[in-house]
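Q: Dropping the structure in here first, questions after.
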Amino acid sequence: MKKKQVLPLILAMALTPALLAGCGSNGSNDANNTGNTAAANTNTKNANTGTDAANADTANADKPSEPITLTFFDKNTGAAFDNPVAQEIMKRTGVKVEIQQPTGNPSEKLNLMLASNDLPDIILMDRGGDIVNKYIAAGAIIPLNELIDKYGPDVKQQYGDILQKTRFKDGKNYYLSNWYGMDNDPVFGVQMRKDFLKELAPDKAEGGQPFTTDEFEQLLKDFKAKYPNIDGKASIPLILNAENMGAVLGSFKGMWGMKPYFEDGDSLKFDVKDPKYREMILYMNKLYREGLIEQDWAVNKTQTWEQKISNGIAFSTVSAYWDLGGANGALKKGGSADKQLFAYKVVAPGTDPAKTTYGPRSPLGWDAIAITKKNKHPEETMKFINFLASEEGQYLLMWGVQGQTWDAKDGKHTPNADVLKGLKDDWAGETKKTGIRTWTWFIKNGLGSDGTPYDISKLNRGEIEQMATKNLLDSVYDTSPYDNLNPEGGTPVSLSYQKVQDIMKQSLTKIIISKSEQDANAGFDKMLSEMKAAGDEQVEQAITDNYKARLELWK
């Protein structure tokens, strides 16, 4: 599911680029530091018109006189463009898509394509980090403004002010966002086994009430005392994934209500300079010194972390709630639904529970989709894009073909019951068969004009998603003002920026595993001193200048 595909980018947009690079993220976003992504044209509303024929006539009016083939690099998929949804898109638009398989690391492939000038017609890449800026600077992707004005009425209507907010500094739009619009869906949380929680804190096991940090610490102690061993193995009160430090620090920052940067007056500073950050890191160190955090967590890889949770020996972890899909599936299969880890909210002293920040989300989207300079059919490509971005196109991509997987009933999109069951029981098999959500292009979050979600998966929310929403929905916040504020690449200040990121990345784990609070404080002071020597103040000034320029551009 898309949640699994975009977590690196969620982290990239709301968390530290350097940390993410260290934990194997595909994308990076330099907007952050250490712990932190309308009605449609009334002529193309399937649910309101109720007929494919009328809609097909509308789409056919913009079809090229002769069929064309467009090459498309999509970092998220290499599926062949031949299923029922693909056939319907070709029928409606006269465009065949040749998907380029993103073998290996997509970021490396994108850099190689740019360096070799071997470009596809359309390209989908991370919106975060500097890859988009590299393509713009090289002239590899073209401005879309005139094409949108002439051939993109649905693009204008669907995207609205997102187009203004994703302009480059020259005022032009070089890409269209993917997964744009605010998605009010939680992200991080403190994941705890519900069956154990029913024993240790029965009044809060069903959610709706946050835990304090003191209460969470006591829960870990109580679990360790009651279950020192499980199935002959030492139990783990709190396990961390060292390969995903963005999620670890993002979750703990959420407890204290911290955002990507520390806002000091009208200046942005690195988040570690927030006085609350020291308090947070010392709390983590205390949990470690008390034996409540697994002692060898710093060498955990994602696979190891998942395996230990799947084995049933861990009580809690911190992560995005969907990261535990595989582990929770194993736990549920081996017992009951309550054996799974559910997302709960833990709140630090002095923090308003409603102002916690577990849910970094950007309405500006996770991906950027652009037309390259090698494209010989830019006008036809924009017509193709306009159809896919329209409400009609969105439902086709995300719900499948009308009459096959859904129908219009009482003016609303209504999925076939067997399709919903198939998605729940065998997501991979059902999507492969029907084409639903195989290609997620120009996707808009939220509801269509008939009140149904653009994303059919929103109709299949299980107990894990429901608990996360219950406990953490009010922790979602907009990260877009902080996205991509890093200094321009190739400049002295950008080199300082990277040095500062490296210092934080190398220091924070050491601080957490310090042998005493005194050592942890000393390590934190040393980190700040090294950051200053590396030129962090000049970097912060550049970030602040970029932030102010962005707000001015958005006016």
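Ordering of the structure tokens sets the chain letters (A, B, ...); residue numbers start at 1 within each chain; ligands are numbered from 1 in the order shown.
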Show me, as a tab-separated table, the residues of segment 74-184 of chain A having an atom within 10 Å of segment 429-446 of chain A, each with the closest atom pair and its distance in Å, using only C-alpha atoms.
A:
```
residue	atom	partner	partner_atom	distance
A:Asp74	CA	A:Trp439	CA	8.8
A:Asn76	CA	A:Trp439	CA	8.6
A:Thr77	CA	A:Trp439	CA	7.5
A:Gly78	CA	A:Trp439	CA	9.4
A:Ala79	CA	A:Thr438	CA	7.5
A:Ala80	CA	A:Thr438	CA	9.6
A:Phe81	CA	A:Trp439	CA	9.0
A:Asp82	CA	A:Gly435	CA	8.8
A:Asn83	CA	A:Gly435	CA	5.5
A:Pro84	CA	A:Gly435	CA	5.8
A:Val85	CA	A:Gly435	CA	5.2
A:Ala86	CA	A:Gly435	CA	7.3
A:Gln87	CA	A:Gly435	CA	9.6
A:Leu124	CA	A:Trp441	CA	8.6
A:Val155	CA	A:Phe442	CA	9.1
A:Gln158	CA	A:Lys444	CA	7.9
A:Tyr159	CA	A:Lys444	CA	8.1
A:Leu176	CA	A:Phe442	CA	7.0
A:Ser177	CA	A:Phe442	CA	6.3
A:Asn178	CA	A:Phe442	CA	4.5
A:Trp179	CA	A:Ile443	CA	4.6
A:Tyr180	CA	A:Lys444	CA	5.1
A:Gly181	CA	A:Asn445	CA	5.3
A:Met182	CA	A:Asn445	CA	6.5
A:Asp183	CA	A:Asn445	CA	5.6
A:Asn184	CA	A:Gly446	CA	8.3
```
Q: Would you pick out the contacts of Lys499 of chain A at 9 Å or less, using only C-alpha atoms, so that residues sharing its chain but fewer than 6 positions from it are not included, and give the list as number ranges by chain?
A: A: 531, 534-536
Q: List the neighbours of segment 277-282 of chain A out to 12 Å using only C-alpha atoms; skip same-chain residues closer than 4 positions along the sequence, and give me the result as a ChimeraX atom specification.
A: /A:33-35,213,248-262,270-273,286-289,347-350,507-525,527-528
Q: Please determine, counting only C-alpha atoms, which residue among A:Asp118, A:Asp149, A:Asp323, A:Glu294 has the shortest atom-to-atom distance to Ala247 of chain A.
A: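 Between A:Asp118, A:Asp149, A:Asp323, A:Glu294, the residue approaching Ala247 of chain A most closely is A:Asp323.
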Q: Would you return as number ranges by chain the members of segment 362-488 of chain A that DSSP assigns to helix (DSSP H, G or I) on this structure's backbone?
A: A: 378-389, 391-399, 417-425, 427-434, 456-459, 463-475, 480-482
Q: Among the residues of segment 162-286 of chain A, find those DSSP assigns to strand (DSSP E or B) from the backbone and print them as an NGL selection string.
A: :A and (176-178 or 180 or 188-193 or 211-212 or 229-230 or 233-234 or 236-239 or 261-264 or 267-270)
